[in-house]
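**Student:** Contents of protein30.txt (compact mmCIF, C-alpha atoms) are given next:
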```
# COMPACT_ATOMS: atom_id res chain seq x y z
CA MET A 1 -19.30 155.17 88.35
CA ASP A 2 -15.75 156.01 87.75
CA THR A 3 -15.50 157.68 91.13
CA GLU A 4 -16.99 154.69 92.93
CA ALA A 5 -14.71 152.34 91.16
CA GLN A 6 -11.72 154.37 92.21
CA HIS A 7 -12.86 154.35 95.85
CA THR A 8 -13.35 150.59 95.78
CA GLU A 9 -9.83 150.02 94.46
CA ARG A 10 -8.47 152.16 97.29
CA ASP A 11 -10.09 150.26 100.14
CA PRO A 12 -8.26 151.53 103.29
CA SER A 13 -8.63 148.23 105.11
CA SER A 14 -7.02 146.38 102.24
CA ASP A 15 -4.06 148.74 102.23
CA THR A 16 -3.62 148.41 105.96
CA ASP A 17 -3.72 144.61 105.97
CA SER A 18 -1.35 144.35 103.08
CA SER A 19 1.07 146.77 104.66
CA GLY A 20 0.86 145.03 108.03
CA THR A 21 1.50 141.64 106.52
CA GLU A 22 4.43 142.92 104.55
CA GLU A 23 5.94 144.64 107.55
CA GLY A 24 5.40 141.50 109.67
CA SER A 25 7.15 139.39 107.11
CA ARG A 26 10.07 141.75 107.02
CA SER A 27 10.22 141.76 110.82
CA ALA A 28 10.16 137.99 110.95
CA ARG A 29 12.97 137.75 108.43
CA VAL A 30 15.08 140.23 110.33
CA SER A 31 14.46 138.34 113.59
CA ASP A 32 15.43 134.98 112.03
CA ASP A 33 18.71 136.33 110.65
CA SER A 34 19.68 138.32 113.73
CA GLY A 35 22.24 135.63 114.99
CA ASP A 36 25.98 136.41 114.69
CA PRO A 37 27.16 134.84 111.40
CA GLY A 38 30.70 134.80 112.79
CA ASP A 39 29.76 132.10 115.35
CA SER A 40 28.70 129.69 112.61
CA GLY A 41 31.87 130.41 110.62
CA ARG A 42 34.13 129.84 113.60
CA SER A 43 32.37 126.59 114.47
CA SER A 44 32.72 125.35 110.91
CA SER A 45 36.42 126.31 110.91
CA TRP A 46 37.05 124.35 114.15
CA ARG A 47 35.28 121.31 112.71
CA ARG A 48 37.41 121.41 109.58
CA THR A 49 40.57 121.78 111.65
CA ALA A 50 39.60 118.86 113.89
CA LEU A 51 38.80 116.66 110.88
CA VAL A 52 42.09 117.51 109.15
CA GLY A 53 44.02 116.94 112.38
CA GLY A 54 42.31 113.63 113.01
CA ALA A 55 42.96 112.48 109.44
CA CYS A 56 46.64 113.39 109.78
CA VAL A 57 46.98 111.41 113.02
CA VAL A 58 45.26 108.37 111.48
CA PHE A 59 47.53 108.60 108.42
CA LEU A 60 50.66 108.81 110.57
CA LEU A 61 49.56 105.86 112.71
CA LEU A 62 48.88 103.74 109.62
CA LEU A 63 52.22 104.78 108.13
CA SER A 64 53.94 103.94 111.41
CA HIS A 65 52.22 100.57 111.67
CA PHE A 66 52.92 99.36 108.14
CA VAL A 67 55.79 101.34 106.58
CA ILE A 68 58.04 103.57 108.70
CA GLN A 69 58.01 103.86 112.48
CA PRO A 70 59.78 106.59 114.44
CA PHE A 71 61.71 105.20 117.40
CA LEU A 72 63.20 107.20 120.28
CA ILE A 73 66.62 106.03 121.47
CA PRO A 74 66.39 105.89 125.29
CA SER A 75 69.91 104.74 126.23
CA GLY A 76 73.54 104.83 125.18
CA SER A 77 73.80 101.13 124.33
CA MET A 78 74.27 101.88 120.62
CA GLU A 79 76.77 104.72 120.93
CA PRO A 80 78.50 106.12 118.96
CA THR A 81 76.22 105.07 116.09
CA LEU A 82 73.04 106.21 117.86
CA GLN A 83 72.92 108.81 120.62
CA VAL A 84 70.49 109.16 123.53
CA GLY A 85 67.53 111.20 122.31
CA ASP A 86 67.98 110.36 118.63
CA ARG A 87 64.78 109.67 116.77
CA ILE A 88 65.37 107.04 114.13
CA LEU A 89 63.07 105.90 111.35
CA VAL A 90 62.62 102.15 111.22
CA ASN A 91 62.00 100.70 107.78
CA LYS A 92 59.28 98.08 108.28
CA LEU A 93 59.37 97.03 104.63
CA ALA A 94 63.07 96.07 104.71
CA TYR A 95 62.31 92.41 105.49
CA ARG A 96 58.64 92.30 104.51
CA PHE A 97 58.99 90.71 101.06
CA GLY A 98 61.31 87.78 101.60
CA GLY A 99 64.40 89.60 102.85
CA GLU A 100 66.00 88.77 106.20
CA PRO A 101 68.26 90.69 108.56
CA ALA A 102 71.92 90.56 107.56
CA ARG A 103 75.09 90.80 109.64
CA GLY A 104 75.80 94.42 110.40
CA ASP A 105 72.17 95.62 110.19
CA VAL A 106 70.90 97.79 113.03
CA VAL A 107 67.45 96.44 113.87
CA VAL A 108 64.58 97.13 116.23
CA PHE A 109 62.92 94.03 117.67
CA ASP A 110 60.41 92.88 120.25
CA GLY A 111 62.44 91.16 122.97
CA THR A 112 59.50 89.28 124.48
CA GLY A 113 60.60 85.69 124.98
CA SER A 114 64.29 86.43 124.37
CA PHE A 115 65.36 89.52 126.32
CA VAL A 116 62.33 89.72 128.62
CA ARG A 117 60.18 86.87 129.91
CA GLU A 118 56.79 88.35 129.07
CA ARG A 119 55.13 91.65 128.26
CA PRO A 120 54.44 93.57 131.51
CA GLN A 121 50.79 94.12 132.31
CA GLY A 122 49.43 97.62 132.80
CA ASN A 123 46.38 99.83 132.43
CA PRO A 124 44.97 99.10 128.96
CA VAL A 125 43.91 102.73 128.36
CA THR A 126 47.24 104.28 129.30
CA GLY A 127 48.96 101.45 127.44
CA LEU A 128 47.04 102.30 124.28
CA LEU A 129 47.88 105.99 124.61
CA HIS A 130 51.54 105.16 125.20
CA ASP A 131 51.64 102.85 122.18
CA GLY A 132 50.17 105.60 120.02
CA ALA A 133 52.68 108.17 121.25
CA ALA A 134 55.55 105.70 120.88
CA ALA A 135 54.41 104.91 117.33
CA LEU A 136 54.85 108.61 116.53
CA GLY A 137 58.26 108.70 118.23
CA LEU A 138 57.05 111.09 120.95
CA VAL A 139 57.88 108.94 123.99
CA GLU A 140 60.25 106.13 124.87
CA PRO A 141 59.35 102.76 123.33
CA ASP A 142 57.88 99.83 125.23
CA GLU A 143 60.17 98.07 127.68
CA THR A 144 60.09 95.06 125.36
CA ASP A 145 61.46 96.96 122.32
CA PHE A 146 65.22 97.02 121.71
CA VAL A 147 67.64 98.35 119.10
CA LYS A 148 70.85 96.36 118.49
CA ARG A 149 73.25 95.36 115.71
CA VAL A 150 73.01 91.93 114.08
CA VAL A 151 76.32 90.09 114.57
CA GLY A 152 75.31 86.52 113.74
CA VAL A 153 72.51 85.00 111.65
CA GLY A 154 71.17 81.45 111.48
CA GLY A 155 73.96 78.88 111.25
CA ASP A 156 76.78 81.27 112.17
CA ARG A 157 79.36 80.40 114.78
CA VAL A 158 80.19 83.54 116.77
CA VAL A 159 83.22 83.44 119.10
CA CYS A 160 84.81 85.99 121.38
CA CYS A 161 87.54 86.44 121.46
CA ASP A 162 90.55 85.32 119.39
CA LYS A 163 94.17 85.78 120.53
CA ASN A 164 94.10 89.37 119.25
CA GLY A 165 90.94 90.18 121.19
CA ARG A 166 88.69 90.22 118.13
CA LEU A 167 85.27 88.71 117.64
CA THR A 168 85.13 86.03 114.94
CA VAL A 169 82.23 84.81 112.80
CA ASN A 170 82.62 81.47 111.05
CA GLY A 171 86.32 81.61 111.82
CA VAL A 172 86.94 85.03 110.28
CA PRO A 173 88.03 87.94 112.53
CA VAL A 174 85.74 90.98 112.37
CA GLU A 175 87.12 94.52 112.57
CA GLU A 176 84.28 96.26 114.40
CA ARG A 177 85.06 99.93 113.79
CA TYR A 178 81.55 100.90 114.90
CA VAL A 179 82.23 99.78 118.51
CA MET A 180 82.58 102.56 121.08
CA LEU A 181 86.15 103.78 121.30
CA GLY A 182 87.89 102.15 124.27
CA ASP A 183 85.45 99.21 124.51
CA ARG A 184 86.55 95.63 124.00
CA PRO A 185 84.45 93.45 121.66
CA SER A 186 83.24 91.68 124.79
CA SER A 187 84.31 91.28 128.39
CA VAL A 188 82.30 88.05 128.47
CA PRO A 189 83.81 85.13 126.51
CA PHE A 190 81.39 83.05 124.46
CA ASP A 191 81.31 80.46 121.70
CA ILE A 192 77.86 79.95 120.23
CA VAL A 193 76.15 78.67 117.09
CA VAL A 194 73.09 80.66 116.10
CA PRO A 195 70.04 78.45 115.41
CA GLN A 196 68.19 78.84 112.13
CA ASP A 197 65.67 81.71 112.06
CA ARG A 198 67.43 83.35 115.03
CA LEU A 199 69.80 86.30 115.44
CA TRP A 200 72.72 87.07 117.74
CA VAL A 201 72.63 90.80 118.47
CA MET A 202 74.95 93.18 120.33
CA GLY A 203 75.08 96.87 121.13
CA ASP A 204 77.86 99.07 119.74
CA HIS A 205 78.64 100.41 123.22
CA ARG A 206 79.62 96.99 124.48
CA SER A 207 80.36 97.98 128.07
CA GLN A 208 76.93 99.65 128.40
CA SER A 209 74.80 97.24 126.39
CA SER A 210 72.54 94.52 127.71
CA ASP A 211 72.31 92.20 124.71
CA SER A 212 72.49 88.54 123.66
CA ARG A 213 75.52 87.98 125.93
CA ASP A 214 73.45 88.70 129.03
CA HIS A 215 70.95 85.94 128.29
CA LEU A 216 73.26 83.06 127.44
CA GLY A 217 72.04 80.87 130.31
CA GLU A 218 68.34 81.56 129.77
CA PRO A 219 65.84 79.72 127.55
CA GLY A 220 66.63 80.71 123.99
CA GLY A 221 70.17 81.70 124.90
CA GLY A 222 69.63 85.36 124.05
CA MET A 223 68.85 84.55 120.41
CA VAL A 224 66.20 86.79 118.83
CA PRO A 225 63.61 85.14 116.54
CA VAL A 226 63.66 86.70 113.09
CA ASP A 227 59.88 87.10 113.17
CA LYS A 228 60.23 89.38 116.21
CA VAL A 229 62.17 91.96 114.20
CA VAL A 230 60.13 95.14 113.73
CA GLY A 231 62.36 96.57 111.01
CA ARG A 232 65.75 98.00 110.09
CA ALA A 233 66.93 101.35 111.42
CA ASP A 234 67.72 103.26 108.23
CA TRP A 235 67.60 106.98 109.09
CA ILE A 236 68.31 109.38 111.94
CA ALA A 237 65.52 111.97 111.66
CA TRP A 238 66.10 114.08 114.79
CA PRO A 239 67.83 116.22 115.95
CA PHE A 240 68.35 118.07 112.68
CA GLY A 241 72.07 118.31 113.33
CA ARG A 242 72.30 114.51 113.07
CA TRP A 243 69.91 114.11 110.17
CA SER A 244 71.45 111.28 108.11
CA THR A 245 71.21 107.63 107.20
CA VAL A 246 72.30 105.13 109.84
CA PRO A 247 75.90 104.35 108.84
CA GLY A 248 76.40 100.97 107.23
CA THR A 249 79.40 98.70 107.74
CA ASP A 250 81.54 96.37 105.65
CA ALA A 251 82.94 94.64 108.73
CA PHE A 252 81.30 91.32 107.77
CA ALA A 253 82.11 91.44 104.05
CA ALA A 254 84.73 88.67 104.32
CA VAL A 255 82.63 86.39 106.52
CA PRO A 256 81.67 83.21 104.63
CA ALA A 257 78.32 81.48 104.81
CA PRO A 258 78.12 78.83 107.53
CA PRO A 259 79.07 75.31 106.41
CA ALA A 260 76.21 73.21 105.05
CA GLY A 261 76.87 70.44 107.55
CA GLY A 262 77.00 72.78 110.54
CA HIS A 263 79.92 73.56 112.81
CA GLY A 264 82.02 71.10 114.78
CA ALA A 265 81.09 69.67 118.14
CA GLY A 266 83.28 72.21 119.89
CA ALA A 267 80.76 74.96 119.22
CA HIS A 268 77.68 75.26 121.35
CA GLY A 269 74.68 77.55 121.64
```
Please express the file's structure as structure tokens.
**Tutor:**
Amino acid sequence: MDTEAQHTERDPSSDTDSSGTEEGSRSARVSDDSGDPGDSGRSSSWRRTALVGGACVVFLLLLSHFVIQPFLIPSGSMEPTLQVGDRILVNKLAYRFGGEPARGDVVVFDGTGSFVRERPQGNPVTGLLHDGAAALGLVEPDETDFVKRVVGVGGDRVVCCDKNGRLTVNGVPVEERYVMLGDRPSSVPFDIVVPQDRLWVMGDHRSQSSDSRDHLGEPGGGMVPVDKVVGRADWIAWPFGRWSTVPGTDAFAAVPAPPAGGHGAGAHG
């Protein structure tokens, strides 16, 4: 009985099936895991990199749209203050909460309706790509964007020039030390009164700047609406050798506010 029981427990067919099943399971597991684990790791790494890169771009675009926008200087119209190739940072919050541009501020504005008749039409896809690159300061800005210095604000009478060749604002001569050495305040005489909610702007390199003076005879008279101002140029971020704040000026410190009743009939806009 004991011998028979032992033989029954050692059934050869049972051992074979069990062994075969076990070996098959091991083979199946080896086959399932035979792919290169490095491929999955590399794919996951690329996905993480793409997500981080995309998040950074979105963050920079949002920052550029609402807070600080890089702006590439494409011409010498603001020399010596700003040089060709400078990348400035435009503070979009400077006038966001009730403040308005002041005399002497260097501002970036949309010249549509004042410096240019209308925004030029183009391919919407390439336009979108250009706007994105311009928002990051990688390419030149739109043809409708300009950077100039505020010389007159609403109500000001701006005249050029007095007997000493100086520009005057509300009857007070202005010593414009920021103007390019050798340039006159203006080769074009003018006598204008700036309407409310408008700005009279000029480049620091007067002989090379197309500014409010060049649009005197056009609708709007070259005056820039305050609500077209993108922001104030506060910092020079690139190249590193010029890394600094945009220099301020006290040239208009002595200029009084315009008279409450407006200027005399001799002034015109």
**Student:** May I have the residues within 10 Å of Ser187 (chain A) as a list in words, using only C-alpha atoms and disregarding those fewer than 5 positions away in the same chain?
**Tutor:**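 That gives Cys160, Cys161, Gly165, Arg206, Ser207 and Arg213 of chain A.
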**Student:** Enter the distance from CA of Thr245 (chain A) to CA of Leu89 (chain A), in Å, rounded to one decimal.
**Tutor:** 9.3 Å
**Student:** Quick check, in Å to one decimal: how far apart do CA of Tyr178 (chain A) and CA of Arg166 (chain A) lie?
**Tutor:**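 Separating CA of Tyr178 (chain A) from CA of Arg166 (chain A) is a distance of 13.2 Å.
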**Student:** Would you mind telling me which residue in A:Val174, A:Ile236, A:Val230, A:Pro256 lies nearest to Arg96 (chain A) when using all atoms listed in the file?
**Tutor:**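 Checking each candidate against Arg96 (chain A), we get A:Val230 as the closest.
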**Student:** Restricting the calculation to only C-alpha atoms, which member of A:Gln196, A:Asn91, A:Thr81, A:Thr168 is positioned closest to Gly231 (chain A)?
**Tutor:**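 Closest to Gly231 (chain A), using only C-alpha atoms: A:Asn91.
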**Student:** Pick from A:Val90, A:Val106, A:Leu51, A:Ile68: nearest to Gly248 (chain A), with all atoms listed in the file counted?
**Tutor:**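 Checking each candidate against Gly248 (chain A), we get A:Val106 as the closest.
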**Student:** Between CA of Ser75 (chain A) and CA of Gly113 (chain A), what distance in Å does the model show, to one decimal?
**Tutor:**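 So the two atoms, CA of Ser75 (chain A) and CA of Gly113 (chain A), lie 21.2 Å apart.
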**Student:** When distances are computed from only C-alpha atoms, which of A:Arg184, A:Arg47, A:Lys228, A:Arg157 shows the smallest separation from Val172 (chain A)?
**Tutor:**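 The closest residue to Val172 (chain A) is A:Arg157.
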**Student:** Within 9 Å of Ile88 (chain A), counting only C-alpha atoms, which residues show up once you throw out same-chain ones fewer than 2 positions away? Write them as an MDAnalysis selection string, please.
**Tutor:** chainID A and resid 69:73 82 86 90 137 233:238 246
**Student:** Go through A:Ala102, A:Leu93, A:Leu181, A:Val108 one by one, measure the shortest atom-to-atom distance of each to Val229 (chain A) using only C-alpha atoms, and give the residue with the smallest value.
**Tutor:** A:Val108
**Student:** Could you add the missing atoms to region 218-229 of chain A, up to all heavy atoms, and return them as a PDB file, in the coordinates of the input?
**Tutor:**
```pdb
ATOM      1  N   GLU A 218      69.790  81.587 129.694  1.00  0.00           N
ATOM      2  CA  GLU A 218      68.340  81.560 129.770  1.00  0.00           C
ATOM      3  C   GLU A 218      67.755  80.773 128.600  1.00  0.00           C
ATOM      4  O   GLU A 218      68.444  80.497 127.617  1.00  0.00           O
ATOM      5  CB  GLU A 218      67.797  83.001 129.759  1.00  0.00           C
ATOM      6  CG  GLU A 218      68.291  83.829 130.944  1.00  0.00           C
ATOM      7  CD  GLU A 218      67.813  85.265 130.864  1.00  0.00           C
ATOM      8  OE1 GLU A 218      66.952  85.553 130.004  1.00  0.00           O
ATOM      9  OE2 GLU A 218      68.307  86.098 131.649  1.00  0.00           O
ATOM     10  N   PRO A 219      66.471  80.398 128.688  1.00  0.00           N
ATOM     11  CA  PRO A 219      65.840  79.720 127.550  1.00  0.00           C
ATOM     12  C   PRO A 219      65.953  80.578 126.287  1.00  0.00           C
ATOM     13  O   PRO A 219      65.668  81.767 126.297  1.00  0.00           O
ATOM     14  CB  PRO A 219      64.375  79.589 127.996  1.00  0.00           C
ATOM     15  CG  PRO A 219      64.451  79.578 129.496  1.00  0.00           C
ATOM     16  CD  PRO A 219      65.575  80.512 129.851  1.00  0.00           C
ATOM     17  N   GLY A 220      66.424  79.961 125.232  1.00  0.00           N
ATOM     18  CA  GLY A 220      66.630  80.710 123.990  1.00  0.00           C
ATOM     19  C   GLY A 220      68.031  81.247 123.854  1.00  0.00           C
ATOM     20  O   GLY A 220      68.447  81.638 122.767  1.00  0.00           O
ATOM     21  N   GLY A 221      68.784  81.287 124.950  1.00  0.00           N
ATOM     22  CA  GLY A 221      70.170  81.700 124.900  1.00  0.00           C
ATOM     23  C   GLY A 221      70.421  83.100 124.383  1.00  0.00           C
ATOM     24  O   GLY A 221      71.504  83.398 123.876  1.00  0.00           O
ATOM     25  N   GLY A 222      69.447  83.991 124.524  1.00  0.00           N
ATOM     26  CA  GLY A 222      69.630  85.360 124.050  1.00  0.00           C
ATOM     27  C   GLY A 222      69.453  85.532 122.555  1.00  0.00           C
ATOM     28  O   GLY A 222      69.669  86.617 122.019  1.00  0.00           O
ATOM     29  N   MET A 223      69.063  84.474 121.856  1.00  0.00           N
ATOM     30  CA  MET A 223      68.850  84.550 120.410  1.00  0.00           C
ATOM     31  C   MET A 223      67.480  85.163 120.108  1.00  0.00           C
ATOM     32  O   MET A 223      66.474  84.794 120.714  1.00  0.00           O
ATOM     33  CB  MET A 223      68.931  83.165 119.769  1.00  0.00           C
ATOM     34  CG  MET A 223      70.117  82.332 120.209  1.00  0.00           C
ATOM     35  SD  MET A 223      71.687  82.991 119.640  1.00  0.00           S
ATOM     36  CE  MET A 223      72.817  81.745 120.309  1.00  0.00           C
ATOM     37  N   VAL A 224      67.433  86.076 119.164  1.00  0.00           N
ATOM     38  CA  VAL A 224      66.200  86.790 118.830  1.00  0.00           C
ATOM     39  C   VAL A 224      65.542  86.133 117.618  1.00  0.00           C
ATOM     40  O   VAL A 224      66.188  86.009 116.564  1.00  0.00           O
ATOM     41  CB  VAL A 224      66.486  88.268 118.534  1.00  0.00           C
ATOM     42  CG1 VAL A 224      65.213  88.998 118.110  1.00  0.00           C
ATOM     43  CG2 VAL A 224      67.106  88.945 119.747  1.00  0.00           C
ATOM     44  N   PRO A 225      64.294  85.688 117.715  1.00  0.00           N
ATOM     45  CA  PRO A 225      63.610  85.140 116.540  1.00  0.00           C
ATOM     46  C   PRO A 225      63.489  86.186 115.440  1.00  0.00           C
ATOM     47  O   PRO A 225      63.173  87.353 115.709  1.00  0.00           O
ATOM     48  CB  PRO A 225      62.223  84.747 117.075  1.00  0.00           C
ATOM     49  CG  PRO A 225      62.415  84.596 118.560  1.00  0.00           C
ATOM     50  CD  PRO A 225      63.459  85.609 118.931  1.00  0.00           C
ATOM     51  N   VAL A 226      63.735  85.765 114.217  1.00  0.00           N
ATOM     52  CA  VAL A 226      63.660  86.700 113.090  1.00  0.00           C
ATOM     53  C   VAL A 226      62.275  87.324 112.982  1.00  0.00           C
ATOM     54  O   VAL A 226      62.139  88.504 112.641  1.00  0.00           O
ATOM     55  CB  VAL A 226      64.033  85.968 111.771  1.00  0.00           C
ATOM     56  CG1 VAL A 226      63.742  86.843 110.559  1.00  0.00           C
ATOM     57  CG2 VAL A 226      65.504  85.572 111.787  1.00  0.00           C
ATOM     58  N   ASP A 227      61.231  86.553 113.305  1.00  0.00           N
ATOM     59  CA  ASP A 227      59.880  87.100 113.170  1.00  0.00           C
ATOM     60  C   ASP A 227      59.527  88.114 114.252  1.00  0.00           C
ATOM     61  O   ASP A 227      58.440  88.693 114.225  1.00  0.00           O
ATOM     62  CB  ASP A 227      58.841  85.980 113.105  1.00  0.00           C
ATOM     63  CG  ASP A 227      58.817  85.109 114.358  1.00  0.00           C
ATOM     64  OD1 ASP A 227      59.471  85.463 115.358  1.00  0.00           O
ATOM     65  OD2 ASP A 227      58.148  84.051 114.327  1.00  0.00           O
ATOM     66  N   LYS A 228      60.438  88.339 115.198  1.00  0.00           N
ATOM     67  CA  LYS A 228      60.230  89.380 116.210  1.00  0.00           C
ATOM     68  C   LYS A 228      60.873  90.708 115.815  1.00  0.00           C
ATOM     69  O   LYS A 228      60.780  91.697 116.542  1.00  0.00           O
ATOM     70  CB  LYS A 228      60.810  88.928 117.554  1.00  0.00           C
ATOM     71  CG  LYS A 228      60.026  87.826 118.251  1.00  0.00           C
ATOM     72  CD  LYS A 228      58.720  88.342 118.819  1.00  0.00           C
ATOM     73  CE  LYS A 228      58.066  87.306 119.717  1.00  0.00           C
ATOM     74  NZ  LYS A 228      56.811  87.836 120.331  1.00  0.00           N
ATOM     75  N   VAL A 229      61.530  90.727 114.659  1.00  0.00           N
ATOM     76  CA  VAL A 229      62.170  91.960 114.200  1.00  0.00           C
ATOM     77  C   VAL A 229      61.112  92.905 113.647  1.00  0.00           C
ATOM     78  O   VAL A 229      60.323  92.540 112.763  1.00  0.00           O
ATOM     79  CB  VAL A 229      63.240  91.656 113.126  1.00  0.00           C
ATOM     80  CG1 VAL A 229      63.786  92.952 112.530  1.00  0.00           C
ATOM     81  CG2 VAL A 229      64.375  90.837 113.738  1.00  0.00           C
TER      82      VAL A 229
END
```
